[in-house]
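Shown here: start39.cif, mmCIF, C-alpha atoms.
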```
data_work
loop_
_atom_site.label_atom_id
_atom_site.label_comp_id
_atom_site.auth_asym_id
_atom_site.auth_seq_id
_atom_site.Cartn_x
_atom_site.Cartn_y
_atom_site.Cartn_z
CA MET A 1 -2.00 -22.11 170.14
CA ALA A 2 1.42 -22.16 171.80
CA ALA A 3 3.00 -20.73 168.65
CA VAL A 4 0.50 -17.86 168.57
CA TRP A 5 1.13 -17.12 172.24
CA ALA A 6 4.91 -17.15 171.75
CA ALA A 7 4.64 -14.96 168.65
CA ALA A 8 3.07 -12.21 170.74
CA PHE A 9 6.20 -11.70 172.84
CA PRO A 10 8.42 -10.12 170.17
CA VAL A 11 5.56 -7.71 169.44
CA VAL A 12 4.23 -6.69 172.84
CA SER A 13 7.00 -7.38 175.36
CA SER A 14 9.41 -4.67 176.40
CA LEU A 15 11.87 -7.22 177.83
CA GLY A 16 14.65 -8.35 175.54
CA PRO A 17 14.91 -11.92 176.92
CA HIS A 18 11.17 -12.40 176.43
CA ARG A 19 11.41 -11.27 172.81
CA VAL A 20 14.27 -13.69 172.17
CA TRP A 21 12.30 -16.52 173.72
CA GLY A 22 9.14 -15.65 171.78
CA ALA A 23 10.88 -15.62 168.42
CA SER A 24 12.65 -18.94 168.99
CA ALA A 25 9.70 -20.66 170.63
CA CYS A 26 7.30 -19.60 167.89
CA VAL A 27 9.47 -21.26 165.25
CA GLY A 28 9.87 -24.36 167.42
CA TYR A 29 6.15 -24.73 168.05
CA LEU A 30 5.29 -24.22 164.38
CA CYS A 31 7.80 -26.88 163.31
CA ALA A 32 6.44 -29.17 166.03
CA ALA A 33 2.91 -28.71 164.68
CA VAL A 34 4.07 -29.72 161.21
CA ALA A 35 5.75 -32.81 162.65
CA VAL A 36 2.73 -33.94 164.67
CA LEU A 37 0.49 -33.58 161.61
CA SER A 38 2.67 -35.96 159.62
CA ARG A 39 1.49 -39.51 159.12
CA ARG A 40 4.64 -41.08 160.48
CA SER A 41 4.27 -43.07 163.70
CA LEU A 42 7.11 -41.08 165.31
CA GLY A 43 5.53 -37.72 164.47
CA ARG A 44 4.31 -37.05 168.00
CA ALA A 45 7.63 -37.85 169.66
CA VAL A 46 9.58 -35.85 167.10
CA SER A 47 7.26 -32.88 167.55
CA VAL A 48 7.85 -32.83 171.31
CA TRP A 49 11.60 -32.76 170.89
CA ILE A 50 11.40 -30.09 168.20
CA ALA A 51 9.28 -27.95 170.51
CA GLY A 52 11.80 -28.48 173.30
CA ILE A 53 14.70 -27.42 171.10
CA GLY A 54 12.94 -24.31 169.88
CA ALA A 55 11.33 -23.25 173.16
CA VAL A 56 13.96 -24.31 175.68
CA LEU A 57 17.39 -25.26 174.35
CA VAL A 58 17.99 -22.58 171.72
CA PRO A 59 16.75 -19.55 173.69
CA LEU A 60 18.45 -20.74 176.88
CA VAL A 61 21.82 -21.15 175.17
CA VAL A 62 21.50 -17.83 173.35
CA LEU A 63 20.52 -15.94 176.49
CA VAL A 64 23.22 -17.54 178.64
CA LEU A 65 25.94 -16.79 176.09
CA THR A 66 24.78 -13.19 175.59
CA GLY A 67 24.03 -12.51 179.26
CA GLY A 68 20.35 -11.81 178.59
CA ALA A 69 18.13 -12.57 181.57
CA GLN A 70 15.48 -11.16 183.84
CA SER A 71 16.88 -9.14 186.72
CA GLU A 72 16.21 -11.84 189.30
CA VAL A 73 18.94 -14.03 187.79
CA GLY A 74 21.51 -11.41 188.70
CA VAL A 75 19.90 -11.04 192.13
CA VAL A 76 20.32 -14.76 192.84
CA GLU A 77 23.90 -14.77 191.61
CA ARG A 78 24.73 -11.76 193.79
CA ALA A 79 23.05 -13.49 196.74
CA GLY A 80 25.40 -16.44 196.32
CA LEU A 81 28.44 -14.15 196.17
CA LEU A 82 27.33 -12.23 199.27
CA THR A 83 26.71 -15.47 201.16
CA VAL A 84 30.28 -16.54 200.48
CA ARG A 85 31.71 -13.17 201.52
CA GLN A 86 29.57 -12.21 204.51
CA GLY A 87 27.46 -15.24 205.43
CA THR A 88 24.14 -13.64 204.44
CA PRO A 89 22.66 -12.83 201.00
CA TYR A 90 21.33 -9.38 201.99
CA LEU A 91 22.99 -6.03 201.50
CA ALA A 92 22.70 -3.90 204.61
CA ASP A 93 21.92 -0.72 202.65
CA PRO A 94 20.76 -1.37 199.06
CA GLN A 95 21.05 1.66 196.81
CA ALA A 96 18.68 0.50 194.05
CA VAL A 97 15.81 -1.91 193.63
CA VAL A 98 18.06 -4.41 191.81
CA GLU A 99 20.19 -4.64 194.97
CA VAL A 100 17.22 -5.91 197.00
CA THR A 101 17.11 -9.69 197.57
CA PRO A 102 13.43 -10.66 198.02
CA TYR A 103 14.21 -14.34 198.62
CA LEU A 104 14.91 -16.42 201.68
CA PRO A 105 18.52 -17.55 202.21
CA GLY A 106 18.09 -20.93 200.52
CA MET A 107 17.81 -19.27 197.11
CA ALA A 108 21.44 -18.19 197.39
CA LEU A 109 22.45 -21.83 196.81
CA PHE A 110 21.75 -21.36 193.10
CA GLY A 111 24.12 -18.40 193.04
CA LEU A 112 27.01 -20.27 194.66
CA PRO A 113 28.30 -21.82 191.39
CA GLY A 114 28.59 -18.31 189.97
CA ALA A 115 30.53 -17.20 193.02
CA VAL A 116 32.92 -20.12 192.62
CA VAL A 117 33.69 -19.47 188.93
CA ALA A 118 33.46 -15.65 189.09
CA ASP A 119 37.21 -15.19 188.77
CA GLY A 120 37.91 -18.27 186.70
CA TRP A 121 38.43 -19.04 183.03
CA GLU A 122 36.05 -16.98 180.87
CA PRO A 123 34.18 -19.88 179.18
CA LEU A 124 33.78 -21.53 182.57
CA ARG A 125 31.83 -18.54 183.88
CA TYR A 126 28.85 -19.49 181.76
CA LEU A 127 28.40 -22.49 184.06
CA GLY A 128 27.78 -20.06 186.91
CA ASP A 129 24.52 -18.86 185.37
CA ALA A 130 21.87 -19.41 188.04
CA ARG A 131 19.31 -20.51 185.43
CA LEU A 132 21.26 -23.66 184.68
CA TRP A 133 21.24 -24.75 188.31
CA CYS A 134 17.61 -23.77 188.81
CA ALA A 135 16.70 -25.87 185.77
CA ALA A 136 18.80 -28.80 187.04
CA ALA A 137 17.07 -28.68 190.43
CA PHE A 138 13.63 -28.50 188.81
CA LEU A 139 14.26 -31.40 186.45
CA GLY A 140 15.86 -33.45 189.23
CA CYS A 141 12.83 -32.93 191.47
CA LEU A 142 10.40 -33.94 188.72
CA TRP A 143 12.46 -37.05 188.00
CA ALA A 144 12.54 -37.95 191.70
CA ALA A 145 8.80 -37.35 192.04
CA GLY A 146 8.17 -39.62 189.06
CA ARG A 147 10.27 -42.35 190.68
CA VAL A 148 8.33 -41.99 193.92
CA LEU A 149 4.96 -42.20 192.19
CA GLY A 150 5.93 -44.85 189.66
CA ALA A 151 4.56 -45.19 186.14
CA ARG A 152 3.92 -48.88 185.68
CA ALA A 153 0.72 -48.43 183.69
CA ARG A 154 2.34 -46.41 180.96
CA PRO A 155 3.94 -48.06 177.95
CA ARG A 156 7.71 -47.78 177.98
CA GLY A 157 8.85 -44.35 176.85
CA THR A 158 5.47 -42.69 177.29
CA GLY A 159 6.39 -41.20 180.65
CA GLN A 160 9.51 -39.56 179.23
CA LEU A 161 7.49 -38.19 176.32
CA VAL A 162 4.85 -36.70 178.63
CA GLY A 163 7.56 -35.14 180.80
CA ALA A 164 9.32 -33.68 177.78
CA ALA A 165 6.03 -32.23 176.52
CA LEU A 166 5.45 -30.56 179.88
CA ILE A 167 8.93 -29.02 179.87
CA ALA A 168 8.51 -27.82 176.29
CA SER A 169 5.18 -26.18 177.08
CA PRO A 170 5.17 -22.38 177.46
CA VAL A 171 4.33 -22.55 181.17
CA VAL A 172 7.76 -24.15 181.82
CA ALA A 173 9.84 -23.19 178.79
CA LEU A 174 9.48 -19.42 179.20
CA PRO A 175 10.60 -19.16 182.86
CA LEU A 176 13.27 -21.79 182.32
CA ALA A 177 14.88 -19.74 179.55
CA VAL A 178 14.55 -16.20 180.87
CA SER A 179 14.59 -16.55 184.66
CA GLY A 180 14.13 -19.94 186.26
CA VAL A 181 14.13 -18.80 189.89
CA ASP A 182 10.62 -20.13 190.61
CA LEU A 183 11.27 -23.54 189.06
CA PRO A 184 13.20 -25.09 191.99
CA LEU A 185 10.35 -24.09 194.29
CA THR A 186 7.83 -25.71 191.93
CA GLY A 187 9.87 -28.89 191.62
CA LEU A 188 10.30 -29.23 195.39
CA LEU A 189 6.57 -28.73 195.96
CA CYS A 190 5.80 -31.45 193.40
CA LEU A 191 8.28 -33.76 195.13
CA ALA A 192 6.84 -33.01 198.59
CA LEU A 193 3.30 -33.76 197.39
CA ALA A 194 4.44 -36.99 195.74
CA LEU A 195 6.22 -38.17 198.90
CA ALA A 196 3.23 -37.30 201.07
CA ALA A 197 0.91 -39.19 198.72
CA ARG A 198 3.13 -42.25 199.14
CA HIS A 199 3.13 -42.05 202.98
CA ARG A 200 6.73 -40.80 203.41
CA PRO A 201 6.38 -37.97 205.94
CA VAL A 202 10.03 -37.37 206.81
CA ALA A 203 11.14 -37.18 203.19
CA ALA A 204 8.16 -34.95 202.38
CA GLY A 205 9.15 -32.69 205.29
CA LEU A 206 12.71 -32.41 204.01
CA ALA A 207 11.50 -31.44 200.52
CA LEU A 208 9.16 -28.89 202.09
CA ALA A 209 11.96 -27.46 204.22
CA LEU A 210 14.05 -26.86 201.11
CA ALA A 211 11.10 -25.21 199.33
CA CYS A 212 10.18 -23.05 202.32
CA SER A 213 13.78 -21.83 202.63
CA LEU A 214 13.65 -20.46 199.07
CA LYS A 215 10.54 -18.24 199.15
CA TRP A 216 7.87 -17.72 201.77
CA THR A 217 5.23 -18.26 199.10
CA ALA A 218 5.91 -21.98 199.63
CA TRP A 219 4.67 -21.86 203.22
CA PRO A 220 0.98 -22.60 202.37
CA ALA A 221 2.19 -26.01 201.22
CA LEU A 222 2.88 -26.92 204.86
CA ALA A 223 -0.85 -27.03 205.61
CA VAL A 224 -1.74 -28.91 202.42
CA VAL A 225 0.95 -31.58 202.89
CA ALA A 226 0.02 -31.96 206.57
CA ALA A 227 -3.63 -32.49 205.64
CA LEU A 228 -2.69 -35.03 202.96
CA LEU A 229 -0.42 -36.94 205.36
CA ALA A 230 -3.05 -36.92 208.09
CA HIS A 231 -5.64 -38.35 205.72
CA ARG A 232 -3.38 -40.95 204.12
CA ALA A 233 -1.01 -41.97 206.92
CA GLY A 234 -2.48 -40.66 210.18
CA LEU A 235 -2.03 -37.71 212.50
CA GLY A 236 1.39 -38.90 213.70
CA ALA A 237 2.78 -38.85 210.15
CA ALA A 238 1.41 -35.34 209.64
CA VAL A 239 3.10 -34.16 212.84
CA ARG A 240 6.42 -35.74 211.86
CA GLY A 241 6.36 -34.30 208.36
CA THR A 242 5.40 -30.83 209.53
CA GLY A 243 7.97 -30.91 212.32
CA VAL A 244 10.76 -31.81 209.92
CA ALA A 245 9.67 -29.08 207.48
CA VAL A 246 9.48 -26.35 210.13
CA ALA A 247 12.75 -27.37 211.80
CA GLY A 248 14.58 -27.52 208.47
CA THR A 249 13.27 -24.11 207.41
CA VAL A 250 14.29 -22.55 210.72
CA LEU A 251 17.79 -24.00 210.47
CA ALA A 252 18.17 -22.64 206.93
CA VAL A 253 16.91 -19.15 207.74
CA LEU A 254 18.31 -18.73 211.26
CA PRO A 255 21.91 -17.73 210.33
CA SER A 256 20.72 -14.83 208.16
CA ALA A 257 18.07 -13.92 210.73
CA LEU A 258 20.82 -13.56 213.33
CA LEU A 259 23.38 -11.83 211.09
CA ALA A 260 21.02 -9.44 209.29
CA PRO A 261 17.53 -9.43 210.87
CA GLY A 262 16.61 -5.96 209.61
CA PRO A 263 17.57 -6.46 205.96
CA LEU A 264 15.90 -9.89 205.94
CA VAL A 265 12.56 -8.54 207.17
CA GLU A 266 12.75 -5.45 204.96
CA GLN A 267 13.74 -7.22 201.76
CA VAL A 268 11.98 -10.59 202.08
CA PHE A 269 8.66 -9.55 203.61
CA ALA A 270 8.13 -5.76 203.38
CA PHE A 271 9.45 -5.29 199.84
CA PRO A 272 7.29 -7.94 198.07
CA THR A 273 4.13 -6.71 199.79
CA GLY A 274 4.68 -3.10 198.72
CA ARG A 275 5.70 -1.81 202.15
CA GLY A 276 9.45 -1.56 201.63
CA GLU A 277 11.65 1.43 200.86
CA TRP A 278 11.83 0.45 197.19
CA GLU A 279 8.81 -0.11 194.99
CA THR A 280 8.55 -3.68 193.77
CA PRO A 281 8.60 -4.18 189.97
CA ALA A 282 5.88 -6.85 190.40
CA ALA A 283 3.06 -4.54 189.38
CA SER A 284 0.64 -6.47 187.18
CA PRO A 285 -2.94 -5.13 187.43
CA LEU A 286 -4.21 -7.95 189.63
CA PRO A 287 -7.01 -7.27 192.15
CA GLY A 288 -4.72 -6.93 195.16
CA ARG A 289 -2.43 -4.52 193.35
CA LEU A 290 -5.36 -2.40 192.16
CA LEU A 291 -6.65 -2.18 195.72
CA ALA A 292 -3.22 -1.28 197.09
CA ASP A 293 -2.92 1.56 194.57
CA LEU A 294 -5.91 3.23 196.24
CA GLY A 295 -3.78 4.12 199.25
CA PRO A 296 -3.35 2.79 202.80
CA PHE A 297 -7.01 1.79 203.10
CA GLY A 298 -6.77 -0.18 199.85
CA TRP A 299 -3.58 -1.90 201.04
CA TYR A 300 -5.23 -3.00 204.29
CA ALA A 301 -8.30 -4.13 202.35
CA ALA A 302 -6.11 -6.29 200.09
CA MET A 303 -4.33 -7.80 203.10
CA THR A 304 -7.67 -8.48 204.80
CA LEU A 305 -8.98 -10.27 201.72
CA LEU A 306 -5.71 -12.18 201.45
CA ALA A 307 -6.01 -13.33 205.07
CA ALA A 308 -9.66 -14.28 204.53
CA GLY A 309 -8.70 -16.34 201.49
CA GLY A 310 -6.02 -18.13 203.51
CA VAL A 311 -8.49 -18.90 206.29
CA ALA A 312 -11.00 -20.24 203.76
CA VAL A 313 -8.43 -22.62 202.28
CA ALA A 314 -7.37 -23.73 205.77
CA VAL A 315 -10.99 -24.45 206.73
CA SER A 316 -11.46 -26.46 203.54
CA LEU A 317 -8.41 -28.56 204.46
CA TRP A 318 -9.90 -29.25 207.88
CA VAL A 319 -13.44 -29.99 206.68
CA ARG A 320 -12.47 -31.97 203.61
CA PRO A 321 -8.78 -32.96 203.58
CA PRO A 322 -7.33 -33.98 200.21
CA ALA A 323 -7.37 -37.73 199.68
CA GLY A 324 -4.68 -37.98 197.02
CA LEU A 325 -2.07 -36.22 194.92
CA VAL A 326 -4.43 -34.46 192.51
CA PRO A 327 -6.81 -33.05 195.16
CA ALA A 328 -3.82 -31.90 197.22
CA ALA A 329 -2.18 -30.21 194.24
CA ASP A 330 -5.48 -28.55 193.33
CA ARG A 331 -5.98 -27.28 196.88
CA LEU A 332 -2.47 -25.87 196.96
CA ALA A 333 -3.02 -24.31 193.54
CA VAL A 334 -6.22 -22.64 194.77
CA GLY A 335 -4.39 -21.27 197.80
CA LEU A 336 -1.53 -19.93 195.72
CA CYS A 337 -3.88 -18.40 193.15
CA THR A 338 -5.71 -16.66 195.98
CA ALA A 339 -2.44 -15.34 197.37
CA PHE A 340 -1.12 -14.13 194.02
CA LEU A 341 -4.40 -12.49 193.01
CA LEU A 342 -5.00 -10.70 196.31
CA ALA A 343 -1.43 -9.78 197.28
CA PRO A 344 -0.66 -6.04 197.15
CA ALA A 345 2.00 -6.74 194.53
CA GLY A 346 2.26 -9.52 192.00
CA ARG A 347 2.78 -10.60 188.40
CA PHE A 348 0.67 -12.57 185.97
CA GLY A 349 3.68 -14.88 185.61
CA TYR A 350 3.29 -16.03 189.22
CA LEU A 351 0.10 -17.86 188.20
CA ALA A 352 2.22 -20.31 186.20
CA LEU A 353 3.15 -22.03 189.48
CA PRO A 354 -0.37 -23.16 190.46
CA VAL A 355 -1.17 -24.05 186.86
CA LEU A 356 1.94 -26.21 186.65
CA LEU A 357 1.14 -27.94 189.96
CA SER A 358 -2.34 -28.97 188.79
CA VAL A 359 -1.22 -30.08 185.34
CA TRP A 360 1.78 -32.03 186.66
CA ALA A 361 -0.31 -33.85 189.28
CA ARG A 362 -2.77 -35.05 186.66
CA LEU A 363 -0.03 -36.22 184.33
CA ALA A 364 1.83 -37.95 187.16
CA GLU A 365 -1.21 -39.74 188.60
CA ALA A 366 -2.81 -40.74 185.30
CA PRO A 367 -1.15 -44.20 185.23
CA SER A 368 -2.21 -45.14 188.75
CA ARG A 369 -5.86 -44.40 188.03
CA VAL A 370 -6.01 -46.62 184.95
CA ALA A 371 -5.34 -50.33 185.40
CA PRO A 372 -3.37 -52.12 182.68
CA ALA A 373 -5.52 -53.83 180.07
CA ARG A 374 -4.30 -57.30 181.06
CA SER A 375 -5.16 -56.66 184.72
CA ARG A 376 -8.70 -55.66 183.77
CA VAL A 377 -9.13 -58.83 181.69
CA VAL A 378 -7.85 -61.04 184.51
CA ALA A 379 -10.10 -59.28 187.02
CA ALA A 380 -13.11 -59.68 184.74
CA GLY A 381 -12.36 -63.36 184.22
CA SER A 382 -12.03 -63.96 187.94
CA ALA A 383 -15.34 -62.24 188.59
CA ALA A 384 -17.10 -64.31 185.94
CA ARG A 385 -15.67 -67.68 187.09
CA PRO A 386 -18.10 -69.61 189.37
CA VAL A 387 -16.93 -70.28 192.91
CA LEU A 388 -16.67 -74.01 193.77
CA VAL A 389 -17.99 -74.95 197.19
CA GLY A 390 -17.45 -78.23 199.00
CA GLY A 391 -17.34 -81.26 196.68
CA ASP A 392 -18.91 -79.58 193.67
CA ARG A 393 -16.92 -80.26 190.54
#
```

Here is the file; what I need is its structure written in the form of structure tokens.
Amino acid sequence: MAAVWAAAFPVVSSLGPHRVWGASACVGYLCAAVAVLSRRSLGRAVSVWIAGIGAVLVPLVVLVLTGGAQSEVGVVERAGLLTVRQGTPYLADPQAVVEVTPYLPGMALFGLPGAVVADGWEPLRYLGDARLWCAAAFLGCLWAAGRVLGARARPRGTGQLVGAALIASPVVALPLAVSGVDLPLTGLLCLALALAARHRPVAAGLALALACSLKWTAWPALAVVAALLAHRAGLGAAVRGTGVAVAGTVLAVLPSALLAPGPLVEQVFAFPTGRGEWETPAASPLPGRLLADLGPFGWYAAMTLLAAGGVAVAVSLWVRPPAGLVPAADRLAVGLCTAFLLAPAGRFGYLALPVLLSVWARLAEAPSRVAPARSRVVAAGSAARPVLVGGDR
């Protein structure tokens, strides 16, 4: 199925990086299918690594070396350069849509390596590609989340294989190769949910602060993590975690808000919602976009529905707070899907974020919901053994 999906990109996509990814990933997935159908015991593991090479490694290397990428990669790299030069990632008077920076200041961190090596040795400049650092942040967050959750019930090596399969899947491999800018946000949200599920409010707040300083689409996670902390660790933990997240986000955004308040509001908030000077390229025919195309009334209708969806999710968190990692990830995924579907501007690709959250949570929590076989045998034996009372022998 993945091979068929990847094969469609060279045929239907108008974006060069997507066509490169589709051609390479299709070959990788087909070879992986052949490997998994073999009778060898290592067929499954080999197939995962083959898929990863074909869908991630090869297209990423080719695109980095040739400079092929979605436009947002250049936007992030320019944001890093502008932050070094003027202290804020926003141009005061952008002359084209590609000069607009629709991200919060934290995203510029992934453009800083490019700013450092911009005038250096030519081969070294490849290390400044923002995709590499976005991928490193994403993988690091998933690794840290796995350490927080633990995986004692899995046989040794199974956790790594499951993680590699997730990374090689199209929902991760495609953005990792062609863009990558949403992956750090996804990884930080996974880490924040994992920390909250393990009753670590301050650490969860710090992860949330980093996520919320990248894109404002991470802000719904504040309510979900607060509800999870309140249910698992008490109201005080929820207040601490939320306080750390809000304070950290304010500290990250405040310098740019003081240096360039107008460009920040115009580019980060007005532009993505279709109210900026430049028309956003995020124009997939989702319900909110179709409504907004009807004119001002349609735009206000989309925003009203979006607000109603947010209120509905908030009420659900109050009435029935999530009790664990999977329910919390699902609730956040529902909120994000609602936002992406009803926003006046959006892309089908945005839906990969909520899908990835739900899938990752289930893979990460699977071990903790299944007791090891030996534990079940011991428990059964203890239950069957008669209890000795007094002097009975």

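Going from atom CA of Leu214 of chain A over to atom CA of Pro102 of chain A, you cover 9.9 Å.
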
**OP:** Would you work out the distance separating atom CA of Tyr126 of chain A from atom CA of Leu91 of chain A, expressed in Å to one decimal?
**Re:** 24.6 Å

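The nearest approach to Val64 of chain A among the residues A:Val116, A:Leu193, A:Ala136, A:Leu176, with all atoms listed in the file taken into account, belongs to A:Leu176.
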
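Among the candidates A:Leu189, A:Ala260, A:Val84, A:Leu363, the one nearest to Ala207 of chain A when counting only C-alpha atoms is A:Leu189.
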
**OP:** List the residues selected by the PyMOL selection byres ((chain A and resi 266) around 10) in the file shown, writing them as a ChimeraX atom specification.
**Re:** /A:90,100-102,261-265,267-272,275-278

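Shortest separation to Ala329 of chain A among A:Ala307, A:Ala237, A:Ala343, A:Leu228 occurs at residue A:Leu228, atoms counted being all atoms listed in the file.
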